[in-house]
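S.K.: Below you'll find entry-v1.json; it's JSON, C-alpha atoms.
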[["chain", "number", "residue", "atom", "x", "y", "z"],
["A", 196, "MET", "CA", 213.70, -115.69, 16.68],
["A", 197, "GLN", "CA", 213.51, -115.89, 12.89],
["A", 198, "ALA", "CA", 210.98, -113.77, 11.04],
["A", 199, "VAL", "CA", 210.21, -112.42, 7.59],
["A", 200, "THR", "CA", 210.61, -108.64, 7.60],
["A", 201, "VAL", "CA", 210.14, -105.60, 5.39],
["A", 202, "SER", "CA", 211.95, -102.32, 5.99],
["A", 203, "ASN", "CA", 211.79, -100.31, 2.77],
["A", 204, "ARG", "CA", 208.38, -99.31, 1.47],
["A", 205, "GLU", "CA", 209.78, -98.30, -1.92],
["A", 206, "ALA", "CA", 211.38, -101.71, -2.41],
["A", 207, "GLY", "CA", 208.08, -103.56, -2.05],
["A", 208, "VAL", "CA", 208.33, -107.35, -2.18],
["A", 209, "THR", "CA", 212.00, -107.17, -3.19],
["A", 210, "GLY", "CA", 212.67, -105.85, 0.31],
["A", 211, "LEU", "CA", 211.36, -108.95, 2.04],
["A", 212, "ALA", "CA", 214.02, -110.81, 4.03],
["A", 213, "LEU", "CA", 214.34, -113.59, 6.59],
["A", 214, "GLN", "CA", 216.26, -112.33, 9.60],
["A", 215, "ASP", "CA", 216.62, -112.59, 13.38],
["A", 216, "LEU", "CA", 214.40, -110.36, 15.51],
["A", 217, "PRO", "CA", 214.03, -110.04, 19.28],
["A", 218, "HIS", "CA", 211.40, -112.21, 20.92],
["A", 219, "PRO", "CA", 208.09, -110.27, 21.05],
["A", 220, "HIS", "CA", 206.86, -108.70, 24.28],
["A", 221, "ALA", "CA", 203.44, -109.58, 25.69],
["A", 222, "ALA", "CA", 201.60, -106.34, 26.51],
["A", 223, "GLU", "CA", 198.54, -106.21, 28.73],
["A", 224, "ASN", "CA", 195.82, -108.62, 27.50],
["A", 225, "ASP", "CA", 198.23, -110.13, 24.96],
["A", 226, "VAL", "CA", 199.39, -113.66, 24.42],
["A", 227, "ILE", "CA", 202.60, -114.81, 22.80],
["A", 228, "VAL", "CA", 201.84, -117.53, 20.28],
["A", 229, "ARG", "CA", 204.42, -120.08, 19.19],
["A", 230, "VAL", "CA", 203.56, -120.06, 15.50],
["A", 231, "HIS", "CA", 202.91, -123.43, 13.89],
["A", 232, "ALA", "CA", 201.37, -122.13, 10.66],
["A", 233, "ALA", "CA", 200.82, -118.67, 9.19],
["A", 234, "GLY", "CA", 198.73, -117.16, 6.42],
["A", 235, "PHE", "CA", 199.46, -113.99, 4.49],
["A", 236, "THR", "CA", 197.85, -111.69, 1.92],
["A", 237, "ARG", "CA", 199.94, -110.66, -1.07],
["A", 238, "GLY", "CA", 198.63, -107.10, -0.96],
["A", 239, "GLU", "CA", 199.82, -106.46, 2.59],
["A", 240, "LEU", "CA", 202.75, -104.32, 1.54],
["A", 241, "ASP", "CA", 200.26, -101.77, 0.19],
["A", 242, "TRP", "CA", 198.54, -101.45, 3.56],
["A", 243, "PRO", "CA", 199.55, -98.33, 5.57],
["A", 244, "ALA", "CA", 199.48, -100.38, 8.79],
["A", 245, "THR", "CA", 202.32, -102.54, 7.49],
["A", 246, "TRP", "CA", 204.60, -99.52, 7.78],
["A", 247, "THR", "CA", 203.26, -97.40, 10.65],
["A", 248, "ASP", "CA", 201.61, -98.01, 14.00],
["A", 249, "ARG", "CA", 198.23, -96.63, 15.04],
["A", 250, "ALA", "CA", 199.84, -93.30, 15.94],
["A", 251, "GLY", "CA", 201.37, -92.99, 12.47],
["A", 252, "ARG", "CA", 204.92, -93.71, 13.62],
["A", 253, "ASP", "CA", 207.29, -95.80, 11.52],
["A", 254, "ARG", "CA", 207.39, -99.36, 12.84],
["A", 255, "THR", "CA", 209.84, -101.01, 10.46],
["A", 256, "PRO", "CA", 211.28, -103.57, 10.28],
["A", 257, "SER", "CA", 207.77, -105.02, 10.33],
["A", 258, "VAL", "CA", 206.65, -108.63, 10.01],
["A", 259, "PRO", "CA", 203.84, -109.39, 7.53],
["A", 260, "GLY", "CA", 201.28, -112.19, 7.81],
["A", 261, "HIS", "CA", 198.03, -111.68, 9.72],
["A", 262, "GLU", "CA", 196.66, -115.18, 10.21],
["A", 263, "VAL", "CA", 198.13, -117.49, 12.80],
["A", 264, "SER", "CA", 197.65, -120.96, 14.20],
["A", 265, "GLY", "CA", 199.82, -122.18, 17.02],
["A", 266, "VAL", "CA", 200.18, -122.71, 20.74],
["A", 267, "VAL", "CA", 200.06, -120.15, 23.55],
["A", 268, "ALA", "CA", 203.59, -119.75, 24.91],
["A", 269, "GLU", "CA", 203.12, -116.82, 27.30],
["A", 270, "LEU", "CA", 200.35, -114.68, 28.79],
["A", 271, "GLY", "CA", 200.54, -110.93, 29.22],
["A", 272, "PHE", "CA", 199.36, -109.16, 32.35],
["A", 273, "GLY", "CA", 195.59, -109.36, 32.78],
["A", 274, "THR", "CA", 195.07, -111.91, 30.01],
["A", 275, "THR", "CA", 192.17, -114.25, 30.70],
["A", 276, "GLY", "CA", 190.30, -116.93, 28.77],
["A", 277, "LEU", "CA", 193.38, -118.67, 27.36],
["A", 278, "THR", "CA", 196.11, -120.82, 28.94],
["A", 279, "VAL", "CA", 199.75, -121.58, 28.24],
["A", 280, "GLY", "CA", 200.01, -124.66, 26.02],
["A", 281, "GLN", "CA", 196.58, -124.17, 24.46],
["A", 282, "ARG", "CA", 196.13, -124.54, 20.68],
["A", 283, "VAL", "CA", 194.72, -121.32, 19.23],
["A", 284, "PHE", "CA", 194.12, -119.59, 15.90],
["A", 285, "GLY", "CA", 192.95, -116.23, 14.66],
["A", 286, "PRO", "CA", 193.86, -112.95, 12.96],
["A", 287, "THR", "CA", 196.76, -110.90, 14.26],
["A", 288, "ASP", "CA", 196.66, -107.12, 14.68],
["A", 289, "TRP", "CA", 196.97, -105.06, 11.49],
["A", 290, "ALA", "CA", 199.35, -102.43, 12.90],
["A", 291, "ARG", "CA", 201.66, -104.80, 14.79],
["A", 292, "ASN", "CA", 204.13, -107.46, 13.73],
["A", 293, "GLY", "CA", 202.44, -110.43, 12.12],
["A", 294, "SER", "CA", 202.67, -114.18, 11.92],
["A", 295, "LEU", "CA", 205.51, -114.91, 9.46],
["A", 296, "ALA", "CA", 207.74, -115.50, 12.45],
["A", 297, "GLU", "CA", 208.48, -118.13, 15.08],
["A", 298, "TYR", "CA", 206.55, -116.14, 17.71],
["A", 299, "VAL", "CA", 203.94, -113.39, 17.54],
["A", 300, "ALA", "CA", 202.22, -111.18, 20.12],
["A", 301, "VAL", "CA", 198.44, -111.06, 19.65],
["A", 302, "GLU", "CA", 195.55, -109.57, 21.57],
["A", 303, "ALA", "CA", 193.90, -112.48, 23.32],
["A", 304, "ARG", "CA", 190.44, -111.40, 22.12],
["A", 305, "ASN", "CA", 191.54, -112.11, 18.52],
["A", 306, "LEU", "CA", 192.13, -115.80, 19.18],
["A", 307, "ALA", "CA", 189.87, -118.82, 19.51],
["A", 308, "PRO", "CA", 190.67, -122.29, 20.83],
["A", 309, "LEU", "CA", 191.64, -124.72, 18.06],
["A", 310, "PRO", "CA", 190.30, -128.28, 18.31],
["A", 311, "ALA", "CA", 192.97, -130.97, 18.39],
["A", 312, "ASP", "CA", 191.68, -132.60, 15.19],
["A", 313, "VAL", "CA", 191.98, -129.47, 13.02],
["A", 314, "ASP", "CA", 195.43, -129.14, 11.46],
["A", 315, "HIS", "CA", 197.33, -125.90, 11.99],
["A", 316, "THR", "CA", 197.77, -125.42, 8.23],
["A", 317, "VAL", "CA", 194.00, -125.50, 7.73],
["A", 318, "ALA", "CA", 193.40, -123.22, 10.70],
["A", 319, "ALA", "CA", 195.91, -120.64, 9.43],
["A", 320, "ALA", "CA", 193.93, -120.34, 6.19],
["A", 321, "LEU", "CA", 190.63, -119.72, 7.97],
["A", 322, "PRO", "CA", 190.61, -116.56, 10.16],
["A", 323, "ILE", "CA", 190.54, -113.62, 7.73],
["A", 324, "SER", "CA", 188.84, -115.46, 4.87],
["A", 325, "GLY", "CA", 186.25, -117.13, 7.09],
["A", 326, "LEU", "CA", 185.40, -114.05, 9.13],
["A", 327, "THR", "CA", 185.29, -111.86, 6.02],
["A", 328, "ALA", "CA", 182.91, -114.25, 4.27],
["A", 329, "TRP", "CA", 180.60, -114.52, 7.27],
["A", 330, "GLN", "CA", 180.56, -110.82, 8.12],
["A", 331, "GLY", "CA", 180.04, -109.80, 4.50],
["A", 332, "LEU", "CA", 177.17, -112.18, 3.86],
["A", 333, "PHE", "CA", 175.29, -112.12, 7.14],
["A", 334, "ASP", "CA", 176.36, -109.19, 9.34],
["A", 335, "HIS", "CA", 176.41, -106.61, 6.53],
["A", 336, "ALA", "CA", 174.28, -107.95, 3.66],
["A", 337, "ARG", "CA", 171.80, -109.80, 5.92],
["A", 338, "LEU", "CA", 171.58, -112.63, 3.41],
["A", 339, "GLY", "CA", 168.62, -114.89, 4.09],
["A", 340, "THR", "CA", 167.10, -118.19, 3.00],
["A", 341, "GLY", "CA", 165.63, -118.03, -0.49],
["A", 342, "GLN", "CA", 167.60, -114.97, -1.56],
["A", 343, "THR", "CA", 170.08, -114.97, -4.44],
["A", 344, "VAL", "CA", 173.69, -113.89, -3.96],
["A", 345, "LEU", "CA", 176.36, -113.24, -6.59],
["A", 346, "ILE", "CA", 179.84, -113.95, -5.22],
["A", 347, "HIS", "CA", 182.81, -112.62, -7.17],
["A", 348, "GLY", "CA", 186.13, -114.45, -6.87],
["A", 349, "ALA", "CA", 184.16, -117.55, -5.93],
["A", 350, "ALA", "CA", 187.17, -119.88, -6.15],
["A", 351, "GLY", "CA", 189.41, -117.61, -4.07],
["A", 352, "ALA", "CA", 190.19, -117.62, -0.38],
["A", 353, "VAL", "CA", 187.20, -115.54, 0.71],
["A", 354, "GLY", "CA", 184.86, -116.44, -2.12],
["A", 355, "SER", "CA", 185.20, -120.20, -1.74],
["A", 356, "ILE", "CA", 184.14, -119.98, 1.90],
["A", 357, "ALA", "CA", 181.36, -117.51, 1.09],
["A", 358, "VAL", "CA", 179.92, -119.91, -1.51],
["A", 359, "GLN", "CA", 179.71, -122.71, 1.05],
["A", 360, "LEU", "CA", 178.24, -120.54, 3.81],
["A", 361, "ALA", "CA", 175.63, -119.02, 1.51],
["A", 362, "HIS", "CA", 174.65, -122.43, 0.15],
["A", 363, "GLU", "CA", 174.23, -123.86, 3.63],
["A", 364, "ALA", "CA", 172.11, -120.85, 4.62],
["A", 365, "GLY", "CA", 169.62, -121.73, 1.90],
["A", 366, "ALA", "CA", 170.51, -119.00, -0.58],
["A", 367, "ARG", "CA", 170.73, -119.44, -4.33],
["A", 368, "VAL", "CA", 174.40, -118.93, -5.14],
["A", 369, "VAL", "CA", 175.82, -117.51, -8.35],
["A", 370, "GLY", "CA", 179.59, -117.99, -8.25],
["A", 371, "ALA", "CA", 181.62, -115.76, -10.56],
["A", 372, "GLY", "CA", 185.20, -116.12, -11.71],
["A", 373, "ARG", "CA", 187.46, -117.33, -14.51],
["A", 374, "SER", "CA", 186.46, -120.19, -16.79],
["A", 375, "ALA", "CA", 189.09, -122.47, -15.25],
["A", 376, "ASP", "CA", 187.31, -122.15, -11.89],
["A", 377, "ARG", "CA", 183.91, -123.42, -13.08],
["A", 378, "ASP", "CA", 184.15, -126.98, -11.76],
["A", 379, "THR", "CA", 185.66, -125.88, -8.45],
["A", 380, "VAL", "CA", 182.97, -123.29, -7.80],
["A", 381, "LEU", "CA", 180.10, -125.63, -8.68],
["A", 382, "ASP", "CA", 181.63, -128.35, -6.49],
["A", 383, "LEU", "CA", 181.70, -125.90, -3.56],
["A", 384, "GLY", "CA", 177.94, -125.50, -3.83],
["A", 385, "ALA", "CA", 177.22, -122.72, -6.30],
["A", 386, "HIS", "CA", 174.02, -123.27, -8.25],
["A", 387, "VAL", "CA", 175.23, -121.26, -11.26],
["A", 388, "PHE", "CA", 178.69, -120.31, -12.49],
["A", 389, "LEU", "CA", 179.23, -116.94, -14.19],
["A", 390, "ASP", "CA", 182.33, -116.68, -16.37],
["A", 391, "LEU", "CA", 183.17, -113.00, -16.02],
["A", 392, "GLU", "CA", 185.03, -112.93, -19.33],
["A", 393, "ALA", "CA", 182.87, -115.11, -21.59],
["A", 394, "ASP", "CA", 179.29, -115.12, -20.26],
["A", 395, "ARG", "CA", 176.60, -112.46, -20.55],
["A", 396, "TRP", "CA", 176.23, -111.21, -17.01],
["A", 397, "GLU", "CA", 172.51, -110.57, -17.51],
["A", 398, "ASP", "CA", 171.96, -114.30, -18.11],
["A", 399, "ALA", "CA", 172.71, -114.97, -14.44],
["A", 400, "GLY", "CA", 169.49, -113.13, -13.52],
["A", 401, "ARG", "CA", 168.82, -110.52, -10.86],
["A", 402, "VAL", "CA", 170.24, -110.98, -7.38],
["A", 403, "ASP", "CA", 169.52, -109.71, -3.89],
["A", 404, "VAL", "CA", 173.14, -109.46, -2.79],
["A", 405, "VAL", "CA", 176.50, -109.00, -4.49],
["A", 406, "PHE", "CA", 179.59, -109.96, -2.48],
["A", 407, "ASP", "CA", 182.63, -108.43, -4.18],
["A", 408, "VAL", "CA", 186.33, -109.01, -3.50],
["A", 409, "ILE", "CA", 187.71, -107.53, -6.74],
["A", 410, "GLY", "CA", 186.58, -103.92, -7.07],
["A", 411, "GLY", "CA", 187.03, -101.70, -10.11],
["A", 412, "ASP", "CA", 184.88, -102.35, -13.17],
["A", 413, "ILE", "CA", 183.66, -105.69, -11.78],
["A", 414, "LEU", "CA", 182.18, -103.88, -8.80],
["A", 415, "ASP", "CA", 180.70, -101.06, -10.87],
["A", 416, "ARG", "CA", 179.01, -103.39, -13.36],
["A", 417, "SER", "CA", 177.49, -105.46, -10.57],
["A", 418, "ALA", "CA", 175.05, -102.77, -9.47],
["A", 419, "ALA", "CA", 172.87, -103.35, -12.53],
["A", 420, "LEU", "CA", 172.31, -106.97, -11.50],
["A", 421, "VAL", "CA", 170.93, -106.16, -8.06],
["A", 422, "ARG", "CA", 167.18, -106.01, -7.49],
["A", 423, "PRO", "CA", 165.79, -102.72, -6.11],
["A", 424, "GLY", "CA", 166.41, -102.64, -2.38],
["A", 425, "GLY", "CA", 169.31, -105.07, -2.61],
["A", 426, "THR", "CA", 172.82, -104.83, -1.26],
["A", 427, "ILE", "CA", 176.37, -104.72, -2.58],
["A", 428, "VAL", "CA", 179.08, -105.59, -0.07],
["A", 429, "THR", "CA", 182.74, -105.21, -0.99],
["A", 430, "ILE", "CA", 186.12, -105.57, 0.68],
["A", 431, "ALA", "CA", 188.01, -104.12, -2.29],
["A", 432, "GLN", "CA", 187.30, -100.37, -2.14],
["A", 433, "PRO", "CA", 184.59, -97.89, -1.12],
["A", 434, "PRO", "CA", 181.89, -98.34, -3.78],
["A", 435, "THR", "CA", 180.89, -95.50, -6.12],
["A", 436, "VAL", "CA", 177.67, -97.19, -7.28],
["A", 437, "ARG", "CA", 174.70, -98.65, -5.46],
["A", 438, "PRO", "CA", 171.53, -100.53, -6.38],
["A", 439, "ASP", "CA", 168.24, -98.68, -6.81],
["A", 440, "ASP", "CA", 166.71, -98.12, -3.37],
["A", 441, "GLY", "CA", 169.49, -100.29, -1.95],
["A", 442, "GLN", "CA", 172.85, -99.91, -0.32],
["A", 443, "ALA", "CA", 176.52, -100.46, -1.11],
["A", 444, "LEU", "CA", 178.90, -101.15, 1.76],
["A", 445, "PHE", "CA", 182.66, -101.38, 2.16],
["A", 446, "PHE", "CA", 183.97, -103.09, 5.28],
["A", 447, "VAL", "CA", 187.15, -104.34, 6.93],
["A", 448, "VAL", "CA", 186.97, -107.65, 8.77],
["A", 449, "GLU", "CA", 186.79, -107.58, 12.58],
["A", 450, "PRO", "CA", 188.05, -110.18, 15.08],
["A", 451, "ASP", "CA", 185.32, -112.43, 16.50],
["A", 452, "ARG", "CA", 186.29, -115.29, 18.81],
["A", 453, "ALA", "CA", 182.83, -116.88, 18.89],
["A", 454, "ARG", "CA", 182.52, -116.88, 15.11],
["A", 455, "LEU", "CA", 186.01, -118.35, 14.71],
["A", 456, "ALA", "CA", 185.02, -121.19, 17.03],
["A", 457, "ASP", "CA", 181.88, -121.76, 14.94],
["A", 458, "LEU", "CA", 183.90, -121.86, 11.71],
["A", 459, "ALA", "CA", 186.34, -124.36, 13.23],
["A", 460, "GLN", "CA", 183.41, -126.55, 14.23],
["A", 461, "ARG", "CA", 182.09, -126.44, 10.66],
["A", 462, "VAL", "CA", 185.50, -127.61, 9.45],
["A", 463, "ARG", "CA", 185.43, -130.48, 11.98],
["A", 464, "ASP", "CA", 181.92, -131.48, 10.89],
["A", 465, "GLY", "CA", 182.90, -131.51, 7.22],
["A", 466, "ARG", "CA", 180.46, -128.69, 6.48],
["A", 467, "LEU", "CA", 183.21, -126.27, 5.44],
["A", 468, "ARG", "CA", 186.21, -126.95, 3.23],
["A", 469, "VAL", "CA", 189.23, -124.67, 3.37],
["A", 470, "ARG", "CA", 191.22, -124.63, 0.13],
["A", 471, "VAL", "CA", 194.86, -125.03, 1.18],
["A", 472, "GLY", "CA", 197.29, -125.28, -1.72],
["A", 473, "ALA", "CA", 201.03, -125.25, -1.14],
["A", 474, "VAL", "CA", 202.49, -125.57, 2.36],
["A", 475, "ARG", "CA", 206.01, -124.18, 2.59],
["A", 476, "PRO", "CA", 208.52, -123.76, 5.45],
["A", 477, "LEU", "CA", 209.42, -120.39, 6.95],
["A", 478, "GLY", "CA", 212.70, -120.44, 5.05],
["A", 479, "GLU", "CA", 210.71, -120.33, 1.78],
["A", 480, "ALA", "CA", 208.23, -117.68, 2.92],
["A", 481, "VAL", "CA", 209.86, -114.87, 0.95],
["A", 482, "ALA", "CA", 209.69, -116.94, -2.24],
["A", 483, "ALA", "CA", 206.06, -117.84, -1.51],
["A", 484, "PHE", "CA", 205.15, -114.20, -0.90],
["A", 485, "THR", "CA", 206.72, -113.05, -4.16],
["A", 486, "GLN", "CA", 205.42, -115.90, -6.33],
["A", 487, "ARG", "CA", 203.50, -114.46, -9.29],
["A", 488, "GLU", "CA", 201.88, -117.46, -10.91],
["A", 489, "ARG", "CA", 198.36, -118.29, -9.80],
["A", 490, "VAL", "CA", 198.20, -121.33, -7.52],
["A", 491, "PRO", "CA", 194.89, -123.00, -6.55],
["A", 492, "GLY", "CA", 194.22, -122.71, -2.82],
["A", 493, "ARG", "CA", 195.93, -120.71, -0.12],
["A", 494, "THR", "CA", 199.70, -120.91, 0.31],
["A", 495, "ILE", "CA", 200.39, -121.48, 4.00],
["A", 496, "ILE", "CA", 203.72, -121.18, 5.79],
["A", 497, "ARG", "CA", 204.50, -124.05, 8.17],
["A", 498, "VAL", "CA", 206.70, -122.64, 10.92],
["A", 499, "ALA", "CA", 206.76, -125.47, 13.47],
["A", 500, "GLU", "CA", 205.47, -129.03, 13.64],
["A", 501, "ASP", "CA", 203.20, -130.29, 16.42],
["A", 502, "GLY", "CA", 205.34, -131.29, 19.39],
["A", 503, "GLU", "CA", 208.10, -128.79, 18.64]]
As structure tokens - that is how I would like this structure written.
M.R.:
Amino acid sequence: MQAVTVSNREAGVTGLALQDLPHPHAAENDVIVRVHAAGFTRGELDWPATWTDRAGRDRTPSVPGHEVSGVVAELGFGTTGLTVGQRVFGPTDWARNGSLAEYVAVEARNLAPLPADVDHTVAAALPISGLTAWQGLFDHARLGTGQTVLIHGAAGAVGSIAVQLAHEAGARVVGAGRSADRDTVLDLGAHVFLDLEADRWEDAGRVDVVFDVIGGDILDRSAALVRPGGTIVTIAQPPTVRPDDGQALFFVVEPDRARLADLAQRVRDGRLRVRVGAVRPLGEAVAAFTQRERVPGRTIIRVAEDGE
């Protein structure tokens, strides 16, 4: 099969290549997914799990991309709950080969059924961003109706979904980002837009929750905006500051089949919009991964068309 691979950690993105790899093996409780669309994160080559397995052993050449939408092609021993030919989507395992390939082996528990009327390109943009947004807001920060949440990177992959989920939950949403993102963020449901470069942060008022995807100085400065007893949740780095009488949490997203199914239903109902930008074929995946200019919406790799 064809796959995008990396073999040299020092080379970084310049070491990405499209090459032939053996067909993946389905271990116990795995499924082999025929990939129709794949999502990736540009920072993946900095993740230790891209280069080593869970035991710390070198696993190159490794395949990046950890969001997949496709069709079940094969079941591993003991796999239940899914069937061959079923449309599925979800996150792939961090320390195993990913989704920028024609086939990928995934733990069955990571995957949820994909409704027939949700396109694979939309589904491939949803797993990590959608689960991260939900888990950050509700599982970790316990955001509730009537509370105020400040969401950094509100036009980005995670932030844009977080804005919509928080709005629907009855929270007051302050969406933060660059000036060019103002209209997008307000259209997604934010009540207030905070231009991180031009606005006085204090003018946004005090908040109960900060959801951060950026880290660094943005994260550190956010603590002063949180009411006593409030919460900062971040996916960028372990926080070094926390609100008065409150908490600051760093987390890594976890698979959740039931929540994925709920997110897909929200997409079907029109209650959740997934910002897909460019859709490019597998042959252009290396170029898409290395692209430096900022592009609105997620770039998704289309690997196969329905019916193939």
S.K.: Would you mind telling me which residue in A:Gly331, A:Gly478, A:Gly472, A:Gly384 lies nearest to Thr316 (chain A) when using all atoms listed in the file?
M.R.: A:Gly472
S.K.: Do you know which residues are at most 9 Å from Glu262 (chain A) counting all atoms listed in the file, after dropping those on the same chain fewer than 5 positions away, and could you put them as a list in words?
M.R.: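 Listed by chain and then number, they are Ala232, Ala233, Gly234, Phe235, Phe284, Gly285, Pro286, Thr287, Gly293, Ser294, Leu295, Ala318, Ala319, Ala320, Leu321, Pro322 and Ile323 of chain A.
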S.K.: Okay, now the selection with C-alpha atoms, as a compact mmCIF listing (two decimals), keeping the file's coordinate frame?
M.R.:
# COMPACT_ATOMS: atom_id res chain seq x y z
CA ALA A 232 201.37 -122.13 10.66
CA ALA A 233 200.82 -118.67 9.19
CA GLY A 234 198.73 -117.16 6.42
CA PHE A 235 199.46 -113.99 4.49
CA PHE A 284 194.12 -119.59 15.90
CA GLY A 285 192.95 -116.23 14.66
CA PRO A 286 193.86 -112.95 12.96
CA THR A 287 196.76 -110.90 14.26
CA GLY A 293 202.44 -110.43 12.12
CA SER A 294 202.67 -114.18 11.92
CA LEU A 295 205.51 -114.91 9.46
CA ALA A 318 193.40 -123.22 10.70
CA ALA A 319 195.91 -120.64 9.43
CA ALA A 320 193.93 -120.34 6.19
CA LEU A 321 190.63 -119.72 7.97
CA PRO A 322 190.61 -116.56 10.16
CA ILE A 323 190.54 -113.62 7.73
S.K.: Extract, using only C-alpha atoms, all DNA, RNA and protein residues at most 9 Å from region 348-353 of chain A, discarding same-chain residues fewer than 5 positions from it, and format them as a ChimeraX atom specification.
M.R.: /A:320-321,323-328,358,369-373,376-377,379-380,383,385,388,407-409,469-471,491-493
S.K.: Tell me which protein, DNA and RNA residues are within 12 Å of His362 (chain A), counting all atoms listed in the file, leaving out same-chain ones fewer than 2 positions away, and put them as a ChimeraX atom specification.
M.R.: /A:332,338-346,355-360,364-370,380-387,466-467
S.K.: So how far away is CA of Leu444 (chain A) from CA of Gly411 (chain A), in Å?
M.R.: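 Value for the CA of Gly411 (chain A)-CA of Leu444 (chain A) distance: 14.4 Å.
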S.K.: Between CA of Ala221 (chain A) and CA of Pro310 (chain A), measure the distance and give it in Å to one decimal.
M.R.: 24.0 Å
S.K.: Given only C-alpha atoms as the basis, pick out the residue of A:Gly210, A:Asp225, A:Ala431, A:Thr485 nearest to Thr278 (chain A).
M.R.: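 Among the listed residues, A:Asp225 lies closest to Thr278 (chain A).
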S.K.: Counting all atoms listed in the file, write as a list in words all protein and nucleic acid residues lying at most 10 Å from (212.2, -113.7, 16.4) in the file's frame.
M.R.: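 These residues have at least one counted atom within 10 Å: Met196, Gln197, Ala198, Val199, Gln214, Asp215, Leu216, Pro217, His218, Pro219, Val258, Leu295, Ala296, Glu297, Tyr298 and Val299 of chain A.
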S.K.: Which of these, A:Val317, A:Ala307, A:Ala212, A:Leu389, has the shortest distance to Thr494 (chain A) once you count only C-alpha atoms?
M.R.: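 Ranked by minimum distance to Thr494 (chain A), first place goes to A:Val317.
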S.K.: Could you list, as JSON, numbers by chain, every residue within 8 Å of Thr435 (chain A), counting all atoms listed in the file and ignoring same-chain residues fewer than 2 positions away?
M.R.: {"A": [415, 433, 437]}
S.K.: Report the distance between CA of Val421 (chain A) and CA of Glu449 (chain A) in Å, rounded to one decimal place.
M.R.: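 For CA of Val421 (chain A) relative to CA of Glu449 (chain A), the distance reads 26.1 Å.
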S.K.: Calculated over only C-alpha atoms, which of the candidates A:Leu309, A:Val279, A:Val267, A:Gly251 has the smallest distance to Gln460 (chain A)?
M.R.: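 Among A:Leu309, A:Val279, A:Val267, A:Gly251, it is A:Leu309 that comes nearest to Gln460 (chain A).
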S.K.: Extract, using only C-alpha atoms, all DNA, RNA and protein residues at most 9 Å from Leu211 (chain A), discarding same-chain residues fewer than 4 positions from it, and format them as a list in words.
M.R.: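 Once the adjacent positions are removed, what remains is Val199, Thr200, Val201, Ser202, Asn203, Ala206, Gly207, Val481, Phe484 and Thr485 of chain A.
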S.K.: Would you mind telling me which residue in A:Ile427, A:Leu414, A:Ala453, A:Val462 lies nearest to Val402 (chain A) when using only C-alpha atoms?
M.R.: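 Among A:Ile427, A:Leu414, A:Ala453, A:Val462, it is A:Ile427 that comes nearest to Val402 (chain A).
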S.K.: Considering only C-alpha atoms, can you say which of A:Ala311, A:Asp253, A:Gln442, A:Arg401 comes closest to Arg422 (chain A)?
M.R.: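 Under the stated criterion, the closest residue is A:Arg401.
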